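What follows is the content of data25.pdb, which has PDB, C-alpha atoms, pLDDT in the B column:
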```
ATOM      1  CA  THR P 102    -128.193  -9.323  91.956  1.00 55.00           C
ATOM      2  CA  GLU P 103    -124.784  -9.360  93.591  1.00 62.00           C
ATOM      3  CA  ARG P 104    -126.331  -9.860  97.032  1.00 55.00           C
ATOM      4  CA  SER P 105    -128.224 -12.912  95.781  1.00 55.00           C
ATOM      5  CA  LYS P 106    -125.038 -14.385  94.333  1.00 54.00           C
ATOM      6  CA  ARG P 107    -123.249 -13.989  97.676  1.00 54.00           C
ATOM      7  CA  LEU P 108    -126.127 -15.612  99.535  1.00 53.00           C
ATOM      8  CA  CYS P 109    -126.157 -18.512  97.090  1.00 50.00           C
ATOM      9  CA  THR P 110    -122.575 -19.408  97.957  1.00 52.00           C
ATOM     10  CA  ALA P 111    -123.978 -20.955 101.128  1.00 52.00           C
ATOM     11  CA  PHE P 112    -126.390 -23.053  99.076  1.00 58.00           C
ATOM     12  CA  ARG P 113    -124.783 -26.478  98.700  1.00 56.00           C
ATOM     13  CA  HIS P 114    -125.206 -28.621  95.615  1.00 52.00           C
ATOM     14  CA  GLU P 115    -126.438 -31.576  97.675  1.00 62.00           C
ATOM     15  CA  CYS P 116    -129.850 -29.869  97.710  1.00 72.00           C
ATOM     16  CA  LEU P 117    -129.890 -29.772  93.914  1.00 74.00           C
ATOM     17  CA  ARG P 118    -128.539 -33.315  93.643  1.00 72.00           C
ATOM     18  CA  LYS P 119    -131.546 -34.607  95.637  1.00 76.00           C
ATOM     19  CA  SER P 120    -133.941 -33.119  93.090  1.00 81.00           C
ATOM     20  CA  PRO P 121    -134.863 -35.608  90.335  1.00 82.00           C
ATOM     21  CA  PHE P 122    -134.279 -32.797  87.836  1.00 84.00           C
ATOM     22  CA  PHE P 123    -130.568 -32.592  88.757  1.00 86.00           C
ATOM     23  CA  SER P 124    -129.991 -36.177  89.920  1.00 83.00           C
ATOM     24  CA  GLY P 125    -126.820 -37.740  88.528  1.00 84.00           C
ATOM     25  CA  ARG P 126    -125.450 -34.513  87.097  1.00 88.00           C
ATOM     26  CA  ASP P 127    -121.766 -33.634  87.148  1.00 85.00           C
ATOM     27  CA  THR P 128    -120.619 -31.942  90.399  1.00 86.00           C
ATOM     28  CA  GLU P 129    -118.778 -29.198  88.501  1.00 90.00           C
ATOM     29  CA  PHE P 130    -121.884 -28.579  86.406  1.00 91.00           C
ATOM     30  CA  LEU P 131    -123.990 -28.222  89.587  1.00 88.00           C
ATOM     31  CA  GLU P 132    -121.457 -25.822  91.115  1.00 86.00           C
ATOM     32  CA  MET P 133    -121.636 -23.637  88.014  1.00 90.00           C
ATOM     33  CA  VAL P 134    -125.447 -23.683  88.153  1.00 91.00           C
ATOM     34  CA  ILE P 135    -125.304 -22.682  91.836  1.00 86.00           C
ATOM     35  CA  GLY P 136    -123.006 -19.809  90.900  1.00 85.00           C
ATOM     36  CA  GLU P 137    -125.708 -18.426  88.597  1.00 89.00           C
ATOM     37  CA  LEU P 138    -128.654 -18.760  90.973  1.00 88.00           C
ATOM     38  CA  ASP P 139    -130.611 -15.805  92.248  1.00 89.00           C
ATOM     39  CA  ILE P 140    -132.896 -15.892  95.274  1.00 88.00           C
ATOM     40  CA  GLU P 141    -136.550 -14.913  94.986  1.00 94.00           C
ATOM     41  CA  LEU P 142    -138.844 -14.905  98.011  1.00 94.00           C
ATOM     42  CA  PHE P 143    -142.641 -15.083  97.904  1.00 97.00           C
ATOM     43  CA  HIS P 144    -145.386 -14.652 100.496  1.00 96.00           C
ATOM     44  CA  GLN P 145    -148.525 -16.753 100.868  1.00 97.00           C
ATOM     45  CA  GLY P 146    -150.950 -16.172  97.984  1.00 97.00           C
ATOM     46  CA  GLU P 147    -148.385 -14.423  95.809  1.00 97.00           C
ATOM     47  CA  THR P 148    -148.341 -15.445  92.133  1.00 97.00           C
ATOM     48  CA  ILE P 149    -144.907 -16.678  91.079  1.00 97.00           C
ATOM     49  CA  ILE P 150    -145.782 -17.685  87.509  1.00 96.00           C
ATOM     50  CA  ARG P 151    -148.948 -16.884  85.541  1.00 96.00           C
ATOM     51  CA  GLN P 152    -150.233 -19.319  82.912  1.00 95.00           C
ATOM     52  CA  GLY P 153    -149.685 -18.002  79.381  1.00 93.00           C
ATOM     53  CA  ASP P 154    -147.035 -15.462  80.393  1.00 94.00           C
ATOM     54  CA  HIS P 155    -143.596 -15.463  78.777  1.00 93.00           C
ATOM     55  CA  GLY P 156    -141.034 -17.230  80.949  1.00 92.00           C
ATOM     56  CA  ASP P 157    -137.253 -17.190  80.767  1.00 92.00           C
ATOM     57  CA  LYS P 158    -136.239 -18.836  84.043  1.00 94.00           C
ATOM     58  CA  MET P 159    -136.674 -21.955  86.132  1.00 93.00           C
ATOM     59  CA  TYR P 160    -137.399 -22.081  89.864  1.00 95.00           C
ATOM     60  CA  PHE P 161    -135.960 -24.525  92.399  1.00 93.00           C
ATOM     61  CA  LEU P 162    -138.243 -24.522  95.446  1.00 94.00           C
ATOM     62  CA  TYR P 163    -135.629 -24.503  98.191  1.00 90.00           C
ATOM     63  CA  CYS P 164    -138.145 -24.066 100.992  1.00 91.00           C
ATOM     64  CA  GLY P 165    -141.922 -23.860 100.969  1.00 95.00           C
ATOM     65  CA  GLN P 166    -144.929 -25.134  99.085  1.00 97.00           C
ATOM     66  CA  VAL P 167    -146.712 -23.942  95.939  1.00 97.00           C
ATOM     67  CA  ASP P 168    -150.022 -24.685  94.256  1.00 97.00           C
ATOM     68  CA  VAL P 169    -150.182 -25.493  90.540  1.00 95.00           C
ATOM     69  CA  LEU P 170    -153.314 -23.966  88.995  1.00 96.00           C
ATOM     70  CA  VAL P 171    -154.681 -24.191  85.445  1.00 94.00           C
ATOM     71  CA  GLY P 172    -157.258 -22.420  83.326  1.00 93.00           C
ATOM     72  CA  PRO P 173    -159.026 -19.110  83.776  1.00 93.00           C
ATOM     73  CA  GLU P 174    -160.668 -20.455  86.959  1.00 95.00           C
ATOM     74  CA  GLU P 175    -157.216 -21.388  88.320  1.00 94.00           C
ATOM     75  CA  LEU P 176    -158.255 -24.916  89.223  1.00 95.00           C
ATOM     76  CA  PRO P 177    -155.743 -26.657  91.501  1.00 95.00           C
ATOM     77  CA  VAL P 178    -154.063 -29.677  89.861  1.00 94.00           C
ATOM     78  CA  ALA P 179    -151.022 -30.248  92.085  1.00 94.00           C
ATOM     79  CA  THR P 180    -149.046 -29.075  95.078  1.00 96.00           C
ATOM     80  CA  LEU P 181    -145.258 -28.931  94.962  1.00 95.00           C
ATOM     81  CA  ALA P 182    -143.027 -29.017  98.039  1.00 94.00           C
ATOM     82  CA  SER P 183    -139.433 -28.137  98.896  1.00 91.00           C
ATOM     83  CA  GLY P 184    -136.870 -29.723  96.602  1.00 89.00           C
ATOM     84  CA  THR P 185    -138.914 -29.576  93.419  1.00 90.00           C
ATOM     85  CA  VAL P 186    -138.476 -27.481  90.297  1.00 90.00           C
ATOM     86  CA  PHE P 187    -141.061 -25.647  88.234  1.00 93.00           C
ATOM     87  CA  GLY P 188    -140.973 -23.474  85.149  1.00 91.00           C
ATOM     88  CA  GLU P 189    -138.188 -25.710  83.799  1.00 88.00           C
ATOM     89  CA  MET P 190    -139.558 -25.791  80.256  1.00 85.00           C
ATOM     90  CA  ALA P 191    -138.488 -22.151  79.886  1.00 87.00           C
ATOM     91  CA  LEU P 192    -134.904 -23.445  79.880  1.00 85.00           C
ATOM     92  CA  PHE P 193    -135.621 -25.481  76.751  1.00 81.00           C
ATOM     93  CA  GLY P 194    -137.383 -22.978  74.531  1.00 76.00           C
ATOM     94  CA  GLN P 195    -140.967 -23.466  75.761  1.00 73.00           C
ATOM     95  CA  HIS P 196    -141.420 -19.875  76.914  1.00 75.00           C
ATOM     96  CA  ARG P 197    -145.199 -19.793  77.460  1.00 86.00           C
ATOM     97  CA  ARG P 198    -146.049 -20.815  80.996  1.00 91.00           C
ATOM     98  CA  ALA P 199    -148.278 -23.908  81.087  1.00 89.00           C
ATOM     99  CA  ALA P 200    -149.744 -23.220  84.550  1.00 92.00           C
ATOM    100  CA  THR P 201    -150.080 -20.608  87.255  1.00 96.00           C
ATOM    101  CA  ILE P 202    -147.943 -21.178  90.339  1.00 97.00           C
ATOM    102  CA  LYS P 203    -148.923 -19.541  93.638  1.00 98.00           C
ATOM    103  CA  ALA P 204    -147.154 -19.666  96.972  1.00 98.00           C
ATOM    104  CA  SER P 205    -149.295 -21.510  99.527  1.00 97.00           C
ATOM    105  CA  GLY P 206    -147.018 -20.190 102.279  1.00 95.00           C
ATOM    106  CA  PHE P 207    -143.681 -18.410 102.475  1.00 96.00           C
ATOM    107  CA  CYS P 208    -141.424 -19.686  99.642  1.00 95.00           C
ATOM    108  CA  ASP P 209    -137.678 -19.403  99.152  1.00 93.00           C
ATOM    109  CA  CYS P 210    -136.873 -20.100  95.508  1.00 93.00           C
ATOM    110  CA  ARG P 211    -133.530 -20.335  93.721  1.00 91.00           C
ATOM    111  CA  VAL P 212    -133.818 -19.169  90.133  1.00 92.00           C
ATOM    112  CA  ILE P 213    -131.704 -19.609  87.007  1.00 93.00           C
ATOM    113  CA  SER P 214    -132.260 -17.897  83.669  1.00 93.00           C
ATOM    114  CA  HIS P 215    -132.546 -19.608  80.311  1.00 92.00           C
ATOM    115  CA  ARG P 216    -129.444 -17.783  79.070  1.00 92.00           C
ATOM    116  CA  ALA P 217    -127.236 -18.696  82.053  1.00 94.00           C
ATOM    117  CA  PHE P 218    -128.351 -22.347  82.067  1.00 93.00           C
ATOM    118  CA  ASN P 219    -127.709 -22.819  78.357  1.00 91.00           C
ATOM    119  CA  THR P 220    -124.318 -21.106  78.589  1.00 94.00           C
ATOM    120  CA  ILE P 221    -123.332 -23.642  81.265  1.00 94.00           C
ATOM    121  CA  LEU P 222    -124.695 -26.566  79.223  1.00 91.00           C
ATOM    122  CA  ARG P 223    -122.321 -25.698  76.360  1.00 93.00           C
ATOM    123  CA  ARG P 224    -119.408 -26.654  78.649  1.00 94.00           C
ATOM    124  CA  PHE P 225    -120.952 -30.006  79.683  1.00 93.00           C
ATOM    125  CA  PRO P 226    -121.964 -32.084  76.616  1.00 89.00           C
ATOM    126  CA  LYS P 227    -123.090 -35.104  78.667  1.00 90.00           C
ATOM    127  CA  ASP P 228    -125.375 -32.941  80.806  1.00 90.00           C
ATOM    128  CA  ARG P 229    -126.590 -31.061  77.716  1.00 88.00           C
ATOM    129  CA  ASP P 230    -127.589 -34.378  76.093  1.00 89.00           C
ATOM    130  CA  PHE P 231    -129.394 -35.432  79.285  1.00 89.00           C
ATOM    131  CA  PHE P 232    -131.422 -32.198  79.487  1.00 86.00           C
ATOM    132  CA  MET P 233    -132.174 -32.106  75.748  1.00 85.00           C
ATOM    133  CA  SER P 234    -133.544 -35.647  75.983  1.00 86.00           C
ATOM    134  CA  MET P 235    -135.613 -34.657  79.035  1.00 83.00           C
ATOM    135  CA  ALA P 236    -136.953 -31.611  77.200  1.00 79.00           C
ATOM    136  CA  GLU P 237    -137.987 -33.695  74.180  1.00 80.00           C
ATOM    137  CA  GLU P 238    -139.866 -36.132  76.427  1.00 81.00           C
ATOM    138  CA  ARG P 239    -141.632 -33.336  78.302  1.00 71.00           C
ATOM    139  CA  LEU P 240    -142.543 -31.460  75.127  1.00 70.00           C
ATOM    140  CA  ALA P 241    -144.075 -34.633  73.734  1.00 69.00           C
ATOM    141  CA  GLN P 242    -146.316 -34.779  76.815  1.00 64.00           C
ATOM    142  CA  LEU P 243    -147.634 -31.228  76.358  1.00 57.00           C
TER     143      LEU P 243
END
```
Using structure tokens, write down the structure from this file.
Amino acid sequence: TERSKRLCTAFRHECLRKSPFFSGRDTEFLEMVIGELDIELFHQGETIIRQGDHGDKMYFLYCGQVDVLVGPEELPVATLASGTVFGEMALFGQHRRAATIKASGFCDCRVISHRAFNTILRRFPKDRDFFMSMAEERLAQL
């Protein structure tokens, strides 16, 4: 939304740069990503992503903590904290969610769509190569 875009202008790329997912990326690339971010807020216990659902966006956990749950019993396998990303495989064509993600407290997430991210990557070949290589490695692990 337009309101989200205005709020994101205050979100500095240093936060993204600290994330291993964006570490070493071009500053202009990061600024363009920031320009496409939306803000999504979640309350404790709220499901952010459901395993098996179609996904078309990635989440950067700006503030908060989430639980990673798998299987029909939603068994906990990990906890993610501020500064991490999740749902990133949706950016690379893996649209089925591999796990359920639930907010374990209030969460402030910054979100980018598959379409917006890939449009930006077309302008940054070095970054595109980096993320394509990352995607291949992660897909091999699935």
Exercise for the section: Can you turn the PyMOL selection byres ((chain P and resi 209) around 9) into a concrete residue list for this file, as a count of residues only? Expected result: 14
Practice task
Excluding segment 186-203 of chain P and any residue of its chain fewer than 3 positions from it, enumerate the residues within 6 Å of it, using only C-alpha atoms, and give them as a list in words.
Solution key: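 Final neighbour list, sorted by chain and number: Gly146, Glu147, Thr148, Ile149, Ile150, Arg151, Gln152, Gly153, Asp154, His155, Gly156, Asp157, Lys158, Met159, Tyr160, Phe161, Leu162, Val167, Asp168, Val169, Leu170, Val171 and His215 of chain P.
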Handout entry: Point-to-point distance in Å for atom CA of Leu176 of chain P and atom CA of Arg239 of chain P
Key =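 Between these atoms lies a distance of 21.6 Å.
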Handout entry: Residue nearest His144 of chain P among P:Gly184, P:Ile221, P:Phe231, P:Gly206 (counting only C-alpha atoms)
Key =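 Closest candidate: P:Gly206.
In this structure, atom CA of Gln145 of chain P sits 25.6 Å away from atom CA of Pro121 of chain P.
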Practice task
Run the PyMOL selection byres ((chain P and resi 129) around 12) against the file shown and list the residues it catches, as a list of chain:residue names.
Solution key: P:His114, P:Arg118, P:Gly125, P:Arg126, P:Asp127, P:Thr128, P:Phe130, P:Leu131, P:Glu132, P:Met133, P:Val134, P:Ile135, P:Gly136, P:Ile221, P:Leu222, P:Arg224, P:Phe225, P:Asp228
Completion exercise
Correct to one decimal, the distance atom CA of Ala217 of chain P-atom CA of Asp139 of chain P is 11.1 Å
Practice task
Return the single residue from P:Thr185, P:Met235, P:Ala179, P:Thr220 that is closest to Lys119 of chain P, with distances computed using all atoms listed in the file.
Solution key: P:Thr185
